[in-house]
>>> print(open('data_24.cif').read())   # mmCIF, C-alpha atoms and all ligand atoms
data_input
#
loop_
_atom_site.label_atom_id
_atom_site.label_comp_id
_atom_site.auth_asym_id
_atom_site.auth_seq_id
_atom_site.Cartn_x
_atom_site.Cartn_y
_atom_site.Cartn_z
CA MET A 1 117.33 162.44 110.86
CA ASP A 2 116.64 161.07 107.38
CA VAL A 3 116.43 157.35 106.68
CA VAL A 4 115.71 155.24 103.60
CA LEU A 5 113.35 152.31 104.01
CA GLN A 6 113.39 149.20 101.86
CA VAL A 7 110.03 147.61 102.67
CA TRP A 8 108.64 144.25 101.52
CA ARG A 9 105.44 144.93 99.59
CA GLN A 10 103.10 142.07 98.72
CA ALA A 11 99.48 142.69 97.79
CA GLY A 12 98.18 139.32 99.00
CA PRO A 13 99.09 135.77 100.01
CA SER A 14 99.69 134.53 96.47
CA ALA A 15 100.84 137.80 94.88
CA PRO A 16 104.51 138.24 94.02
CA GLY A 17 106.45 140.39 96.48
CA ARG A 18 109.15 143.01 96.01
CA PHE A 19 111.00 145.61 98.03
CA GLY A 20 109.70 149.18 97.79
CA ARG A 21 112.01 152.15 98.52
CA TYR A 22 110.71 155.00 100.68
CA GLU A 23 112.47 158.06 102.06
CA ALA A 24 111.54 159.10 105.60
CA LYS A 25 112.71 162.68 106.21
CA ASP A 26 112.96 164.77 109.39
CA VAL A 27 112.36 161.76 111.60
CA SER A 28 112.66 162.53 115.31
CA PRO A 29 114.98 160.13 117.14
CA HIS A 30 112.35 160.08 119.90
CA MET A 31 109.74 158.58 117.58
CA SER A 32 108.96 154.92 117.93
CA PHE A 33 109.67 152.78 114.89
CA LEU A 34 105.93 152.31 114.30
CA GLU A 35 105.29 156.06 114.59
CA MET A 36 107.90 156.55 111.86
CA LEU A 37 105.98 154.02 109.71
CA ASP A 38 102.74 155.90 110.51
CA VAL A 39 104.27 159.11 109.12
CA VAL A 40 105.50 157.30 105.99
CA ASN A 41 102.00 155.86 105.54
CA GLU A 42 100.31 159.27 105.94
CA ASP A 43 102.57 160.55 103.19
CA LEU A 44 101.73 157.56 100.97
CA ILE A 45 97.99 158.07 101.53
CA THR A 46 98.31 161.80 100.76
CA ARG A 47 99.97 160.89 97.47
CA GLY A 48 97.20 158.39 96.68
CA GLU A 49 99.45 155.35 97.13
CA GLU A 50 98.77 152.14 99.05
CA PRO A 51 100.00 152.44 102.67
CA ILE A 52 102.33 149.78 104.10
CA ALA A 53 100.29 147.11 105.92
CA PHE A 54 101.69 146.21 109.32
CA GLU A 55 100.08 144.73 112.41
CA HIS A 56 99.98 146.50 115.77
CA ASP A 57 97.67 146.91 118.72
CA CYS A 58 98.96 147.68 122.22
CA ARG A 59 102.18 149.43 121.17
CA GLU A 60 103.62 148.65 124.60
CA GLY A 61 105.11 145.18 124.20
CA ILE A 62 102.10 143.22 125.43
CA CYS A 63 99.97 141.94 122.55
CA GLY A 64 102.71 140.43 120.36
CA SER A 65 101.18 141.57 117.07
CA CYS A 66 103.81 144.01 115.77
CA GLY A 67 106.67 141.68 114.85
CA MET A 68 108.67 142.28 111.69
CA MET A 69 112.23 141.74 110.49
CA ILE A 70 114.31 144.92 110.68
CA ASN A 71 117.72 144.68 109.05
CA GLY A 72 117.46 140.89 109.30
CA MET A 73 116.71 140.90 113.05
CA PRO A 74 113.29 140.01 114.47
CA HIS A 75 112.05 143.18 116.27
CA GLY A 76 115.17 145.07 115.18
CA PRO A 77 118.58 145.76 116.68
CA GLN A 78 117.67 146.30 120.35
CA ARG A 79 117.57 143.32 122.71
CA ALA A 80 114.49 142.38 124.70
CA VAL A 81 112.01 144.73 123.04
CA ALA A 82 109.11 144.22 120.65
CA THR A 83 109.08 146.29 117.45
CA CYS A 84 106.64 148.76 119.00
CA GLN A 85 109.15 149.48 121.80
CA LEU A 86 111.97 150.23 119.37
CA HIS A 87 112.81 153.92 118.85
CA MET A 88 114.46 155.70 115.97
CA ARG A 89 117.41 156.64 118.21
CA SER A 90 118.57 153.05 117.61
CA PHE A 91 119.39 154.14 114.04
CA ARG A 92 121.69 156.77 112.55
CA ASP A 93 121.02 159.61 110.16
CA GLY A 94 121.31 158.32 106.59
CA ASP A 95 120.72 154.66 107.48
CA GLU A 96 119.08 152.33 105.00
CA ILE A 97 116.63 150.08 106.88
CA TRP A 98 115.38 146.80 105.41
CA ILE A 99 111.94 145.77 106.68
CA GLU A 100 110.42 142.35 106.00
CA PRO A 101 107.64 140.13 107.35
CA TRP A 102 108.37 136.99 109.35
CA ARG A 103 109.58 134.29 106.96
CA ALA A 104 108.25 130.83 107.90
CA ARG A 105 106.04 128.34 106.07
CA ALA A 106 103.74 128.11 109.10
CA PHE A 107 103.26 131.94 109.03
CA PRO A 108 102.00 132.69 105.49
CA ILE A 109 102.18 136.33 104.42
CA LEU A 110 98.76 138.01 104.25
CA LYS A 111 99.88 141.43 103.04
CA ASP A 112 103.16 143.39 103.13
CA LEU A 113 104.46 142.92 106.70
CA VAL A 114 101.39 141.10 108.06
CA VAL A 115 101.58 137.33 108.49
CA ASP A 116 99.01 134.79 109.61
CA ARG A 117 100.05 133.56 113.08
CA SER A 118 96.89 131.49 113.66
CA ALA A 119 99.08 128.36 113.85
CA PHE A 120 100.02 129.63 117.33
CA ASP A 121 96.32 129.93 118.22
CA ARG A 122 95.75 126.32 117.20
CA ILE A 123 98.61 125.16 119.43
CA ILE A 124 96.95 126.99 122.34
CA GLN A 125 93.55 125.54 121.43
CA ALA A 126 95.09 122.04 121.56
CA GLY A 127 95.87 122.32 125.27
CA GLY A 128 96.99 125.75 126.48
CA TYR A 129 94.24 126.12 129.05
CA ILE A 130 92.97 124.68 132.33
CA SER A 131 89.55 123.04 132.13
CA VAL A 132 89.36 121.67 135.69
CA ARG A 133 87.50 123.77 138.25
CA THR A 134 89.95 126.16 139.89
CA GLY A 135 87.43 128.20 141.90
CA SER A 136 87.39 131.98 142.14
CA ALA A 137 90.33 134.33 142.70
CA PRO A 138 90.24 134.00 146.53
CA ASP A 139 90.31 130.19 146.12
CA ALA A 140 93.40 130.48 143.94
CA ASN A 141 95.09 132.62 146.58
CA ALA A 142 94.41 129.89 149.14
CA VAL A 143 96.44 127.33 147.17
CA PRO A 144 100.06 127.44 148.35
CA VAL A 145 102.55 127.67 145.46
CA PRO A 146 106.31 127.53 146.14
CA LYS A 147 107.94 130.83 145.23
CA ASP A 148 110.34 129.25 142.70
CA ASP A 149 107.43 127.58 140.90
CA ALA A 150 105.38 130.79 140.87
CA ASP A 151 108.35 132.75 139.48
CA LEU A 152 109.02 130.16 136.77
CA ALA A 153 105.36 130.00 135.75
CA PHE A 154 105.27 133.79 135.60
CA ASP A 155 108.41 133.98 133.47
CA ALA A 156 106.87 131.51 131.02
CA ALA A 157 103.57 133.41 130.99
CA THR A 158 105.31 136.58 129.78
CA CYS A 159 105.44 135.07 126.26
CA ILE A 160 103.43 137.43 124.06
CA GLY A 161 103.09 135.04 121.11
CA CYS A 162 104.90 137.39 118.75
CA GLY A 163 106.57 134.68 116.66
CA ALA A 164 110.07 136.19 116.70
CA CYS A 165 111.45 132.86 117.92
CA VAL A 166 110.07 131.14 114.81
CA ALA A 167 111.29 133.89 112.50
CA ALA A 168 114.82 133.77 113.92
CA CYS A 169 115.18 129.99 113.86
CA PRO A 170 116.83 128.49 110.75
CA ASN A 171 114.34 125.61 111.10
CA ALA A 172 111.34 127.90 111.81
CA SER A 173 110.79 125.93 115.01
CA ALA A 174 108.04 126.91 117.42
CA MET A 175 109.61 125.07 120.35
CA LEU A 176 110.28 128.15 122.49
CA PHE A 177 106.70 129.41 122.14
CA THR A 178 105.20 125.98 122.82
CA ALA A 179 107.59 125.39 125.71
CA ALA A 180 106.59 128.68 127.35
CA LYS A 181 102.88 127.96 126.93
CA VAL A 182 103.26 124.47 128.40
CA ALA A 183 105.50 125.61 131.27
CA GLN A 184 103.19 128.36 132.49
CA PHE A 185 100.79 125.61 133.68
CA ALA A 186 103.20 122.74 134.34
CA ARG A 187 104.59 124.23 137.57
CA LEU A 188 101.27 125.27 139.10
CA PRO A 189 99.01 122.95 141.14
CA GLN A 190 96.03 123.90 138.96
CA GLY A 191 97.91 122.68 135.88
CA GLN A 192 98.63 119.17 137.14
CA PRO A 193 95.42 117.24 136.26
CA GLU A 194 95.87 117.85 132.51
CA ARG A 195 99.66 118.12 132.47
CA GLU A 196 100.42 115.01 130.41
CA ALA A 197 97.55 115.32 127.96
CA ARG A 198 98.36 119.01 127.51
CA VAL A 199 101.97 118.55 126.50
CA ARG A 200 101.15 115.65 124.18
CA ARG A 201 98.38 117.57 122.41
CA MET A 202 100.29 120.82 122.08
CA VAL A 203 103.42 119.18 120.68
CA THR A 204 101.32 117.10 118.26
CA GLN A 205 99.59 120.28 117.04
CA MET A 206 102.91 122.11 116.76
CA ASP A 207 104.21 119.33 114.50
CA ALA A 208 101.00 119.34 112.44
CA GLU A 209 101.44 123.08 111.74
CA ASP A 210 104.65 122.50 109.77
CA PHE A 211 107.03 124.19 112.17
CA GLY A 212 110.55 122.79 112.04
CA SER A 213 112.38 120.92 114.75
CA CYS A 214 114.65 122.44 117.37
CA THR A 215 118.32 121.72 116.70
CA ASN A 216 119.69 123.92 119.49
CA HIS A 217 120.73 126.96 117.47
CA GLY A 218 119.54 129.25 120.28
CA GLU A 219 118.47 132.05 117.93
CA CYS A 220 115.00 132.02 119.53
CA GLU A 221 116.32 132.90 122.97
CA ALA A 222 118.53 135.64 121.53
CA VAL A 223 115.64 137.51 119.89
CA CYS A 224 112.79 136.85 122.31
CA PRO A 225 111.48 140.23 123.51
CA LYS A 226 110.59 138.64 126.85
CA GLU A 227 113.96 136.89 127.22
CA ILE A 228 112.40 133.44 127.56
CA GLY A 229 115.28 131.02 127.88
CA LEU A 230 116.22 127.75 126.23
CA GLU A 231 115.78 125.99 129.58
CA PHE A 232 112.05 126.00 128.86
CA ILE A 233 112.66 123.85 125.77
CA ALA A 234 114.57 121.38 127.94
CA ARG A 235 111.60 121.32 130.33
CA LEU A 236 109.21 120.76 127.41
CA ASN A 237 111.28 117.84 126.10
CA ARG A 238 111.34 116.28 129.56
CA ASP A 239 107.61 116.72 130.10
CA TYR A 240 106.84 115.35 126.64
CA LEU A 241 109.08 112.32 127.16
CA MET A 242 107.54 111.56 130.56
CA ALA A 243 104.00 111.97 129.20
CA THR A 244 104.74 109.78 126.20
CA LEU A 245 106.35 107.01 128.28
CA LYS A 246 103.45 107.10 130.71
CA GLY A 247 100.96 106.94 127.82
CA GLU A 248 102.75 103.90 126.37
CA SER A 249 102.81 102.01 129.68
CA SER A 250 99.15 102.68 130.55
S1 LIG B 1 108.79 132.78 123.15
FE1 LIG B 1 109.44 134.95 122.98
S2 LIG B 1 109.83 135.24 120.78
FE2 LIG B 1 108.60 133.37 120.97
S3 LIG B 1 106.46 134.00 120.75
FE3 LIG B 1 106.93 134.04 122.97
S4 LIG B 1 107.59 136.15 123.37
FE4 LIG B 1 107.70 135.89 121.14
S1 LIG B 2 101.92 146.34 119.28
FE1 LIG B 2 101.55 144.99 120.98
S2 LIG B 2 103.50 144.07 121.35
FE2 LIG B 2 103.90 145.55 119.81
#
>>> encode(input="data_24.cif", output="structure tokens")
Amino acid sequence: MDVVLQVWRQAGPSAPGRFGRYEAKDVSPHMSFLEMLDVVNEDLITRGEEPIAFEHDCREGICGSCGMMINGMPHGPQRAVATCQLHMRSFRDGDEIWIEPWRARAFPILKDLVVDRSAFDRIIQAGGYISVRTGSAPDANAVPVPKDDADLAFDAATCIGCGACVAACPNASAMLFTAAKVAQFARLPQGQPEREARVRRMVTQMDAEDFGSCTNHGECEAVCPKEIGLEFIARLNRDYLMATLKGESS
């Protein structure tokens, strides 16, 4: 199959950007989307042109680094996959494919399709950890955890920090990401000692990073490659309210 790519090219954070047009010919439908970009880049390098910068690492939906807008959709047209798990069979011969970086003030563009997602790291640094002693792995196995709580914590922990939720949200809100990172500890016994301080600190940092507010559009849930649901935002709001009320009364 042959496709035409319209790719956002931007040499650096403060350089002006523009769309560049590239023809990708004889693309196998079995290729992944990133493999198709690899081939386009090899061709650009052979011709002495600057290859398209895009981020990737695991290429199996785990690391969260590969996100980009494809035809206006974070991670492209297929539900519940990261960009690296998208294959060219999702497109048709002759398609024109528009490829852009995440667009959000809190994720400044570094180059072409690569954005700076370190705002997410700072939210994690503010409280996304357990600093109390939890013992070794056998000790953890000795702590009984109700099955529903374990399942919910696991679902939250599948968040790969890709940023698609922010990119899809009209407000560029990071509520779904923050909610998942808070919830993965909030239902486990080991997460209880720091539960209130954690949610207060992480929400405060989220606000400081210039993400927008959640106004219940639900776009985040629709594009999340790990299908993390809006219910986690409801849980975050509840935890934050409880922690704030408790802080005010103490
Ligand atoms: S909540 Fe989903 S979309 Fe948002 S960063 Fe985590 S995995 Fe990505
Ligand atoms: S490259 Fe790791 S999730 Fe896509």
>>> atom_distance(input="data_24.cif", atom1="CA of Gly127 in chain A", atom2="CA of Pro225 in chain A")
23.8 Å
>>> residues_around(input="data_24.cif", residues="Ala11 in chain A", least_positions_apart="6", cutoff="10 Å", atoms="only C-alpha atoms", output="MDAnalysis selection string")
chainID A and resid 17:18 50 52:53 109:112
>>> closest_residue(input="data_24.cif", among="A:Leu86, A:Ala150, A:Val223, A:Ala126", to="Val166 in chain A", atoms="only C-alpha atoms")
A:Val223
>>> residues_around(input="data_24.cif", residues="Arg21 in chain A", least_positions_apart="4", cutoff="8 Å", atoms="all atoms listed in the file", output="number ranges by chain")
A: 4-7
>>> closest_residue(input="data_24.cif", among="A:Phe54, A:Ser65, A:Ala186, A:Pro108", to="Asn41 in chain A", atoms="all atoms listed in the file")
A:Phe54
>>> closest_residue(input="data_24.cif", among="A:Val3, A:Met31, A:Ala140, A:Ile123", to="Trp98 in chain A", atoms="all atoms listed in the file")
A:Val3
>>> closest_residue(input="data_24.cif", among="A:Thr83, A:Gln10, A:Thr244, A:Thr204", to="ligand LIG 1 (chain B)", atoms="all atoms listed in the file")
A:Thr83
>>> residues_around(input="data_24.cif", residues="range 88-96 of chain A", least_positions_apart="6", cutoff="12 Å", atoms="all atoms listed in the file", output="ChimeraX atom specification")
/A:1-7,21-37,70-71,75-79,81
>>> residues_around(input="data_24.cif", residues="Ala164 in chain A", least_positions_apart="5", cutoff="10 Å", atoms="only C-alpha atoms", output="list in words")
Gly64, Gly67, Met68, Met69, Met73, Pro74, His75, Ala82, Trp102, Arg103, Cys169, Ala172, Ala174, Leu176, Phe177, Glu219, Cys220, Glu221, Ala222, Val223, Cys224 and Pro225 of chain A
>>> residues_near_ligand(input="data_24.cif", ligand="ligand LIG 2 (chain B)", cutoff="6 Å", atoms="all atoms listed in the file", output="short mmCIF file (atom, residue, chain, number, x, y, z; two decimals) with C-alpha atoms, keeping the file's coordinate frame")
data_model
loop_
_atom_site.label_atom_id
_atom_site.label_comp_id
_atom_site.auth_asym_id
_atom_site.auth_seq_id
_atom_site.Cartn_x
_atom_site.Cartn_y
_atom_site.Cartn_z
CA HIS A 56 99.98 146.50 115.77
CA ASP A 57 97.67 146.91 118.72
CA CYS A 58 98.96 147.68 122.22
CA ARG A 59 102.18 149.43 121.17
CA GLU A 60 103.62 148.65 124.60
CA GLY A 61 105.11 145.18 124.20
CA ILE A 62 102.10 143.22 125.43
CA CYS A 63 99.97 141.94 122.55
CA GLY A 64 102.71 140.43 120.36
CA SER A 65 101.18 141.57 117.07
CA CYS A 66 103.81 144.01 115.77
CA ALA A 82 109.11 144.22 120.65
CA THR A 83 109.08 146.29 117.45
CA CYS A 84 106.64 148.76 119.00
#
>>> closest_residue(input="data_24.cif", among="A:Ala157, A:Ala167, A:Val203, A:Ala180", to="Glu100 in chain A", atoms="all atoms listed in the file")
A:Ala167
>>> closest_residue(input="data_24.cif", among="A:Ser136, A:Asn141, A:Ser173, A:Gln125", to="ligand LIG 1 (chain B)", atoms="all atoms listed in the file")
A:Ser173
>>> atom_distance(input="data_24.cif", atom1="CA of Gly247 in chain A", atom2="CA of Gln205 in chain A")
17.2 Å
>>> axis_aligned_box(input="data_24.cif", around="ligand LIG 1 (chain B)", padding_each_side="6 Å", output="JSON")
{"center_x": 108.1, "center_y": 134.5, "center_z": 122.1, "size_x": 15.4, "size_y": 15.4, "size_z": 14.6}
>>> residues_around(input="data_24.cif", residues="Phe107 in chain A", least_positions_apart="3", cutoff="6 Å", atoms="all atoms listed in the file", output="list in words")
Ala104, Val115, Asp116 and Arg117 of chain A
>>> atom_distance(input="data_24.cif", atom1="CA of Trp8 in chain A", atom2="CA of Pro101 in chain A")
7.2 Å
